[in-house]
Structure formats: C-alpha cells, structure tokens
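Participant: Please see the structure below; I have some questions.
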Amino acid sequence: MARGNFSERMMRIAQLIGPVDDYISRSAWSEHREDPEACDFMFGNPQEMPLEGFTAALQKWLAPQNKDWFAYKNNEPGPRQVVADSLRDRLGLAFEPEDIFLTPGVFGALPLALAAAVDSGDEVIYISPPWFFYETMIMHRGGTPVRARCHPETHDLDLEAIERALTPRTRAVIVNSPNNPTGRIYPRETLHALADLLRRRSAEIGQTIFIISDESYRRILFDGRSFHSPVEVYGPTFMLYTYGKTLLTPGQRIGYLALPPDFPDREVMRLMVNAAQYINGYAFPNALLQHALGDLEELSIDIPRLQRKRDWMVSALREQGYQLHTPEATFYLLVRSPLEDDVRFTEMLSERGVYCLPGSMFDTPGYFRVSLTATEDMIERALPVFSAVMQAAAQPGGRPAPAPVPRTRPAGPASSR
Ligand SMILES: Cc1ncc(COP(=O)(O)O)c(C=O)c1O
C-alpha cells in the first residue's frame, strides 16, 4: 500500500493488526466456525449458551426505574462500590470507589493507562509472548514498544531480560498474570523482585516507572492456586480487569481500571484517567451493564469443568506425542507445533475442521494455542484429528492423509500463507 497521506505510525499499526483481523474476519475459521462439525479452539469465545444468571441479570436490570436509566453514564457510584467491595472480599485489597474507573473491558482500560502514563517517544516494556494488542496500543499512544521475553522454561517473568530492556525512557511495564497464552501465574516473589528493580531504576532516572497489570484471567485459576496482584507490592500500578473472561461474555463489555491507595499523585492521576475516558471514545460501559454489575459480580463460568477439560486435553495430547506444559490458569494450552511452520500445521488441522491459533500470531512461532472454551464434544471429535495430523506431519513434506471430512477453504490471507 502506498504511504500517501497516511502517517507512518498508523500504517505500521494497521499492518500489525491486519493478520489478526484476517483470522477474525477472513480465515477458514471465520468461514466454517458455525459448521455443526467445527471444533473451535481458536479464541476465548463461548461455544455454548451463556450462564443463565447472566441473561437473568440483564433482563432484571433492563426495565427502566427512572427517566435517567439510559442517560449518559460515566463512573457510577453503585458499580464503583461493587468493584471496591469485590477487591476487598476477593483479594483483601482496600480500594476507594473514586479510584475505580469503569471501562468496556481491558480493551477499554489499557488505552486509558497508556494515555495517562505515556508521552510521545516514551518506552513501554511488554512481555513476550504477548496479548495481540499490546504492541499496537503502545504505538497508538506514540510510545515505543520494547519486548522482553518471559523465561523460556518456567514462563515466569525474566527479570534480567526486563532489566536489559529498561532505559531512561522507560515509562511502564505491562504485566499479564495469569498469562495468556502461557497460563502462568507469576509468583509473589517474582513480583517483589520486579517491584524492587523498578523502584531502584525509577530513583536512578528520576521518574516513576509504572506497572500496567492486566489481570483479565485473575478468577480463572486451577488446582486451588492463588493469584497475587502487583498492586500488593508496588504502588504505581494500574490494575486492569475485565468481566468478559469470568463470565465468558466478551461481547457484553464491562471491566475497569483501578488505582491503589498508594498510587503516587493519585488525585492528579484520577483526573487524567477520567479525562482519557471521555477522549478515548466515551470509554465507559453501557448503562445496562453498570446497573447489572452487582449481580454479574457474583457469577462465574464453571472453573472445575474448565480444569477437567485442561487435564483431559493435556494428557491426551501428550500421549499423542505433543509437547506442552500444564497451565496454572486461563483458558489456554500452549502446544509445540510438530512442524516448524506453525501456520502450516494449524492449516492442516483446519482442513479437518479443527481450528487453533498459530503461535506466529502472537510472537511465538513454532507453537499453537488451544482454547479450552471448546465443548467436551468438540474435544472428543478433535482428538483423533490431532493424532492423525501429528502423524501426517511426521511424513516427508508434512502432508496430511486424505481428510475424513473434506472441506473447501476460502481464498484469504490465512489460507495463502
Ligand atoms: C491478556 C488479555 N488482555 C486483555 C484482553 C481483552 O479482554 P476484553 O475483550 O474482555 O476487554 C484479553 C482478551 O482476549 C486478553 O487475553
């Protein structure tokens, strides 16, 4: 595409987002995901009807109780109090309701943290493998994304890599725990060590380096594990949360950004975050979701069921010869691709109706990601396909044997790689 009158930065952002959007809008998956026989492991999307309590809560709060029911809403006191109570009860953390900024999920909260923390040319460190949009959201703010890889064996934060990435221009580090896609919960000791490092470096450069803590999967924990927020050990932390994972309703968008009581210059930061909400497209959740939040807060998808699916798939895939670790949390399995070309391998799966995300989409070539939001029925039908495609990949040229259910793939970026 010719640059023409477009800014170089926006062109680069569009080019980086293009492949993600291709998967969402133009891939074999997007064409076939509604097929009755499709086995959909692609994204953290629901594969069955929503929680009954979710629909009941929306129905209950839909009926207007006064003339302002659907008037402009910003950070309403009721839902702010719901969040403050939840943070106290679930995490033992004392937040003031005025420090809670309601957003359309973490998609809505992250640009607010970046807007408040980052000036043009500032650097923001993100951990790889990353969530798809960190890099582009940093760039959109005029910041420079700086990648630090996680520890390759443990998937824990690699503090030496973070230390190497720090410069006098570093303004923030994005931390995502529990992590998509590794399923790792960062231990409290690691967070302590990160906090010590950032305190030391902030003092050296004479300005605060913030943590932006993406806690989207905080309530999806396995094996009785507990979660620790960076907020527990580091005051200058923006805490980001979305209800879209716990409720598995990512199309009904509500979440928040919260500032802990020991956030530096909190009064000024409140003004900045609130200003960013207006400027970033009225980044408040819709009225209905705000009214319903008290009821929604109590609900969760069935975590023991998710854990059973994790256990089933981890052991079945290992038996078939796949290499993968056991995630501690989240919806995802991160699996080594039997072919070096993970895009090709996931195409071989999708030719047989099994849809997984290639690691190349999230800076992790040679791997693919499986979403455990797939149903048990999909898992049962997909496991023989995983096995057959593993064997086919071992053949010279990695060609699959004739597929039992032949399907036509649409022409499109995902299929032409
Ligand atoms: C790590 C991470 N952060 C943020 C988000 C965005 O969540 P939401 O769409 O609920 O705002 C996601 C969703 O996939 C995610 O996996």
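Residues are referred to by chain and number: the chain letter is A, B, ... according to the order shown in the structure tokens, the number counts from 1 in that chain, and ligands are numbered separately from 1 in the order shown.
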Could you please extract the residues within 6 Å of ligand 1, counting only C-alpha atoms and all ligand atoms, and hand them back as an NGL selection string?
Facilitator: :A and (105-107 or 131 or 180 or 214 or 216 or 242 or 244 or 250)
Participant: Could the residues in this selection be written to a file with all heavy atoms, as a compact mmCIF listing (two decimals), in the first residue's frame?
Facilitator:
# COMPACT_ATOMS: atom_id res chain seq x y z
N GLY A 105 -14.25 -3.34 29.31
CA GLY A 105 -13.25 -4.41 29.39
C GLY A 105 -11.83 -3.88 29.47
O GLY A 105 -11.60 -2.69 29.69
N VAL A 106 -10.87 -4.80 29.30
CA VAL A 106 -9.46 -4.38 29.33
C VAL A 106 -9.08 -3.73 28.00
O VAL A 106 -8.22 -2.86 27.95
CB VAL A 106 -8.55 -5.57 29.69
CG1 VAL A 106 -7.08 -5.28 29.41
CG2 VAL A 106 -8.72 -5.91 31.17
N PHE A 107 -9.77 -4.11 26.94
CA PHE A 107 -9.60 -3.38 25.66
C PHE A 107 -9.83 -1.88 25.89
O PHE A 107 -9.19 -1.05 25.26
CB PHE A 107 -10.65 -3.86 24.65
CG PHE A 107 -10.11 -4.77 23.57
CD1 PHE A 107 -10.53 -6.08 23.52
CD2 PHE A 107 -9.25 -4.30 22.62
CE1 PHE A 107 -10.08 -6.93 22.51
CE2 PHE A 107 -8.79 -5.14 21.61
CZ PHE A 107 -9.21 -6.45 21.56
N TRP A 131 -0.21 -10.54 24.65
CA TRP A 131 -1.56 -10.43 24.08
C TRP A 131 -1.44 -9.63 22.79
O TRP A 131 -0.60 -8.70 22.69
CB TRP A 131 -2.49 -9.74 25.08
CG TRP A 131 -3.89 -9.60 24.60
CD1 TRP A 131 -4.71 -10.59 24.15
CD2 TRP A 131 -4.64 -8.38 24.54
NE1 TRP A 131 -5.92 -10.07 23.80
CE2 TRP A 131 -5.92 -8.72 24.03
CE3 TRP A 131 -4.37 -7.05 24.85
CZ2 TRP A 131 -6.91 -7.77 23.84
CZ3 TRP A 131 -5.36 -6.11 24.67
CH2 TRP A 131 -6.62 -6.46 24.17
N ASN A 180 -1.95 -15.00 29.31
CA ASN A 180 -2.37 -15.52 28.01
C ASN A 180 -1.17 -15.32 27.09
O ASN A 180 -0.76 -14.17 26.91
CB ASN A 180 -3.58 -14.71 27.51
CG ASN A 180 -3.91 -14.99 26.05
OD1 ASN A 180 -3.42 -15.93 25.46
ND2 ASN A 180 -4.75 -14.14 25.47
N ASP A 214 -2.41 -6.34 33.74
CA ASP A 214 -3.56 -6.90 33.03
C ASP A 214 -3.96 -8.18 33.75
O ASP A 214 -3.30 -9.21 33.62
CB ASP A 214 -3.16 -7.15 31.56
CG ASP A 214 -4.28 -7.81 30.76
OD1 ASP A 214 -5.25 -8.29 31.35
OD2 ASP A 214 -4.14 -7.84 29.51
N SER A 216 -6.86 -9.90 33.50
CA SER A 216 -8.10 -10.39 32.87
C SER A 216 -8.51 -11.78 33.36
O SER A 216 -9.70 -12.08 33.46
CB SER A 216 -7.91 -10.46 31.35
OG SER A 216 -7.70 -9.19 30.82
N THR A 242 -11.27 -7.29 33.39
CA THR A 242 -12.46 -7.41 32.54
C THR A 242 -13.35 -8.53 33.08
O THR A 242 -12.84 -9.54 33.58
CB THR A 242 -12.08 -7.74 31.08
OG1 THR A 242 -13.27 -8.02 30.34
CG2 THR A 242 -11.15 -8.95 30.97
N GLY A 244 -15.24 -10.07 31.03
CA GLY A 244 -15.50 -10.86 29.82
C GLY A 244 -14.98 -12.28 29.89
O GLY A 244 -15.47 -13.16 29.17
N PRO A 250 -17.58 -12.02 26.17
CA PRO A 250 -16.72 -10.90 25.76
C PRO A 250 -17.41 -9.87 24.88
O PRO A 250 -16.89 -8.77 24.71
CB PRO A 250 -15.58 -11.60 25.01
CG PRO A 250 -16.13 -12.92 24.58
CD PRO A 250 -17.13 -13.31 25.62
Participant: To test your reading of the structure, identify every residue in region 187-283 of chain A that backbone DSSP assigns to helix (DSSP H, G or I), and report it as JSON, numbers by chain.
Facilitator: {"A": [188, 189, 190, 191, 192, 193, 194, 195, 196, 197, 198, 199, 200, 201, 202, 203, 204, 205, 230, 231, 232, 266, 267, 268, 269, 270, 271, 272, 273, 274, 275, 276, 277, 278, 279]}
Participant: Could I get the residues of region 263-313 of chain A with an atom no further than 12 Å from an atom of region 195-208 of chain A, each paired with its nearest atom pair and that distance in Å to one decimal, using only C-alpha atoms, sorted by chain and residue number, as a Markdown table?
Facilitator:
| residue | atom | partner | partner_atom | distance |
| --- | --- | --- | --- | --- |
| A:Phe263 | CA | A:Thr208 | CA | 10.6 |
| A:Pro264 | CA | A:Thr208 | CA | 8.7 |
| A:Asp265 | CA | A:Thr208 | CA | 10.8 |
Participant: Could you save those same residues with N, CA, C and O atoms as a short mmCIF file (atom, residue, chain, number, x, y, z; two decimals), in the first residue's frame?
Facilitator:
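again-v8.cif, written as the output of this step:
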data_model
loop_
_atom_site.label_atom_id
_atom_site.label_comp_id
_atom_site.auth_asym_id
_atom_site.auth_seq_id
_atom_site.Cartn_x
_atom_site.Cartn_y
_atom_site.Cartn_z
N PHE A 263 -0.97 4.79 45.14
CA PHE A 263 -0.54 5.25 43.81
C PHE A 263 -0.02 6.69 43.95
O PHE A 263 -0.70 7.53 44.54
N PRO A 264 1.18 6.99 43.42
CA PRO A 264 1.71 8.35 43.60
C PRO A 264 0.86 9.40 42.88
O PRO A 264 0.33 9.12 41.81
N ASP A 265 0.73 10.56 43.47
CA ASP A 265 -0.07 11.67 42.90
C ASP A 265 -1.44 11.18 42.42
O ASP A 265 -1.89 11.48 41.32
#
Participant: Rank A:Tyr367, A:Trp29, A:Phe222, A:Tyr256 by their smallest atom-to-atom distance to Thr326 (chain A), using only C-alpha atoms, and report the top residue only.
Facilitator: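 Of A:Tyr367, A:Trp29, A:Phe222, A:Tyr256, the one nearest Thr326 (chain A) is A:Phe222, counting only C-alpha atoms.
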Participant: For region 381-395 of chain A, work out the shell of residues within 12 Å, counting only C-alpha atoms and skipping chain neighbours fewer than 2 positions away, then give it as a count of residues only.
Facilitator: 55
Participant: Identify all residues of region 110-168 of chain A in strand (DSSP E) (DSSP on the backbone) and supply them as an MDAnalysis selection string.
Facilitator: chainID A and resid 123:128 144:149
Participant: For the selection just defined, write its residues with C-alpha atoms to a file, as a PDB file, in the first residue's frame.
Facilitator:
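What follows is the written file result_1.pdb:
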ATOM      1  CA  GLU A 123       9.148   3.335  26.021  1.00  0.00           C
ATOM      2  CA  VAL A 124       6.803   0.672  27.348  1.00  0.00           C
ATOM      3  CA  ILE A 125       8.064  -2.834  28.018  1.00  0.00           C
ATOM      4  CA  TYR A 126       5.761  -5.748  27.278  1.00  0.00           C
ATOM      5  CA  ILE A 127       6.425  -9.410  27.932  1.00  0.00           C
ATOM      6  CA  SER A 128       6.507 -11.894  25.085  1.00  0.00           C
ATOM      7  CA  THR A 144       7.810   2.768  21.643  1.00  0.00           C
ATOM      8  CA  PRO A 145       7.063  -0.883  22.448  1.00  0.00           C
ATOM      9  CA  VAL A 146      10.053  -2.778  23.861  1.00  0.00           C
ATOM     10  CA  ARG A 147       9.821  -6.547  24.045  1.00  0.00           C
ATOM     11  CA  ALA A 148      11.216  -8.641  26.917  1.00  0.00           C
ATOM     12  CA  ARG A 149      10.805 -12.384  26.613  1.00  0.00           C
TER      13      ARG A 149
END
Participant: Could you work out how far CA of Asp21 (chain A) lies from CA of Arg33 (chain A), giving the answer in Å with one decimal?
Facilitator: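 Answer for the CA of Arg33 (chain A) to CA of Asp21 (chain A) separation: 15.3 Å.
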Participant: Hey, which bits of region 247-365 of chain A sit within 9 Å of region 162-178 of chain A, and for each residue what's the closest pair of atoms and how far apart in Å (one decimal), counting only C-alpha atoms, rows by chain and increasing number, as JSON lines?
Facilitator:
{"residue": "A:Glu328", "atom": "CA", "partner": "A:Pro178", "partner_atom": "CA", "distance": 8.0}
{"residue": "A:Ala329", "atom": "CA", "partner": "A:Pro178", "partner_atom": "CA", "distance": 6.1}
{"residue": "A:Thr330", "atom": "CA", "partner": "A:Pro178", "partner_atom": "CA", "distance": 6.5}
Participant: Produce a file of the selected residues containing all heavy atoms, as a CSV table (one decimal), in the first residue's frame.
Facilitator:
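part-v7.csv written:
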chain,number,residue,atom,x,y,z
A,328,GLU,N,-1.4,-23.1,34.7
A,328,GLU,CA,-1.9,-23.0,36.1
A,328,GLU,C,-3.2,-22.2,36.1
A,328,GLU,O,-3.9,-22.2,37.1
A,328,GLU,CB,-0.9,-22.2,36.9
A,328,GLU,CG,0.5,-22.8,37.0
A,328,GLU,CD,1.5,-21.9,37.6
A,328,GLU,OE1,1.4,-20.7,37.5
A,328,GLU,OE2,2.5,-22.5,38.2
A,329,ALA,N,-3.6,-21.6,35.0
A,329,ALA,CA,-4.8,-20.7,35.0
A,329,ALA,C,-5.1,-20.4,33.5
A,329,ALA,O,-4.4,-20.8,32.6
A,329,ALA,CB,-4.4,-19.4,35.7
A,330,THR,N,-6.2,-19.6,33.3
A,330,THR,CA,-6.6,-19.1,32.0
A,330,THR,C,-7.4,-20.2,31.2
A,330,THR,O,-7.6,-21.3,31.7
A,330,THR,CB,-5.5,-18.5,31.1
A,330,THR,OG1,-4.8,-19.6,30.5
A,330,THR,CG2,-4.6,-17.5,31.8
Participant: Show me, as a list in words, the residues that have an atom within 9 Å of Val273 (chain A) when counting only C-alpha atoms, minus same-chain residues fewer than 5 positions from it.
Facilitator: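 The residues satisfying every condition are Phe101, Leu112, Ala113, Ala115, Ala116, Leu257 and Val268 of chain A.
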Participant: Region 285-302 of chain A: which residues within 7 Å, counting only C-alpha atoms, same-chain residues fewer than 4 positions away excluded, as a ChimeraX atom specification?
Facilitator: /A:54,57-58,61-62,70,73,79,82,102-104,246-248,253-254,306
Participant: Those residues you just picked out, can you put them in a file as a JSON list (two decimals), in the first residue's frame with N, CA and C atoms?
Facilitator:
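What ended up in out_21.json:
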[["chain", "number", "residue", "atom", "x", "y", "z"],
["A", 54, "PHE", "N", -26.55, -14.80, 33.92],
["A", 54, "PHE", "CA", -26.13, -13.62, 33.16],
["A", 54, "PHE", "C", -27.34, -13.01, 32.44],
["A", 57, "ALA", "N", -29.82, -11.52, 34.88],
["A", 57, "ALA", "CA", -29.41, -10.22, 35.44],
["A", 57, "ALA", "C", -29.68, -9.10, 34.42],
["A", 58, "LEU", "N", -29.38, -9.36, 33.15],
["A", 58, "LEU", "CA", -29.63, -8.31, 32.15],
["A", 58, "LEU", "C", -31.13, -8.05, 32.02],
["A", 61, "TRP", "N", -32.38, -5.94, 35.00],
["A", 61, "TRP", "CA", -31.95, -4.54, 35.04],
["A", 61, "TRP", "C", -32.30, -3.76, 33.78],
["A", 62, "LEU", "N", -32.93, -4.46, 32.83],
["A", 62, "LEU", "CA", -33.30, -3.78, 31.59],
["A", 62, "LEU", "C", -34.47, -2.82, 31.80],
["A", 70, "PHE", "N", -31.24, 5.15, 31.10],
["A", 70, "PHE", "CA", -30.33, 5.00, 29.95],
["A", 70, "PHE", "C", -29.71, 6.35, 29.57],
["A", 73, "LYS", "N", -23.92, 7.63, 31.12],
["A", 73, "LYS", "CA", -23.37, 7.08, 32.37],
["A", 73, "LYS", "C", -21.86, 7.22, 32.30],
["A", 79, "PRO", "N", -21.87, 0.77, 40.78],
["A", 79, "PRO", "CA", -20.91, -0.22, 40.31],
["A", 79, "PRO", "C", -19.48, 0.02, 40.82],
["A", 82, "VAL", "N", -19.48, -1.72, 44.02],
["A", 82, "VAL", "CA", -19.46, -3.18, 43.80],
["A", 82, "VAL", "C", -18.02, -3.64, 43.58],
["A", 102, "LEU", "N", -14.68, 2.70, 35.41],
["A", 102, "LEU", "CA", -15.37, 1.60, 34.71],
["A", 102, "LEU", "C", -15.12, 1.71, 33.21],
["A", 103, "THR", "N", -14.85, 0.59, 32.58],
["A", 103, "THR", "CA", -14.44, 0.61, 31.17],
["A", 103, "THR", "C", -15.12, -0.52, 30.40],
["A", 104, "PRO", "N", -15.10, -0.42, 29.06],
["A", 104, "PRO", "CA", -15.55, -1.57, 28.27],
["A", 104, "PRO", "C", -14.43, -2.63, 28.23],
["A", 246, "THR", "N", -14.34, -14.10, 33.08],
["A", 246, "THR", "CA", -15.01, -14.80, 34.18],
["A", 246, "THR", "C", -16.44, -15.18, 33.78],
["A", 247, "LEU", "N", -17.10, -14.31, 33.01],
["A", 247, "LEU", "CA", -18.48, -14.57, 32.61],
["A", 247, "LEU", "C", -18.56, -15.24, 31.23],
["A", 248, "LEU", "N", -17.44, -15.25, 30.54],
["A", 248, "LEU", "CA", -17.37, -15.74, 29.15],
["A", 248, "LEU", "C", -18.43, -15.07, 28.27],
["A", 253, "ARG", "N", -19.54, -5.71, 27.19],
["A", 253, "ARG", "CA", -18.22, -5.28, 27.61],
["A", 253, "ARG", "C", -18.24, -4.43, 28.88],
["A", 254, "ILE", "N", -17.69, -5.03, 29.95],
["A", 254, "ILE", "CA", -17.50, -4.24, 31.18],
["A", 254, "ILE", "C", -16.25, -4.72, 31.91],
["A", 306, "LEU", "N", -13.65, -26.44, 33.54],
["A", 306, "LEU", "CA", -12.56, -25.99, 32.66],
["A", 306, "LEU", "C", -11.28, -26.76, 33.01]]
Participant: In Å, how far is it from CA of Ile100 (chain A) to CA of Ala84 (chain A)?
Facilitator: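 Separation of CA of Ile100 (chain A) and CA of Ala84 (chain A): 7.5 Å.
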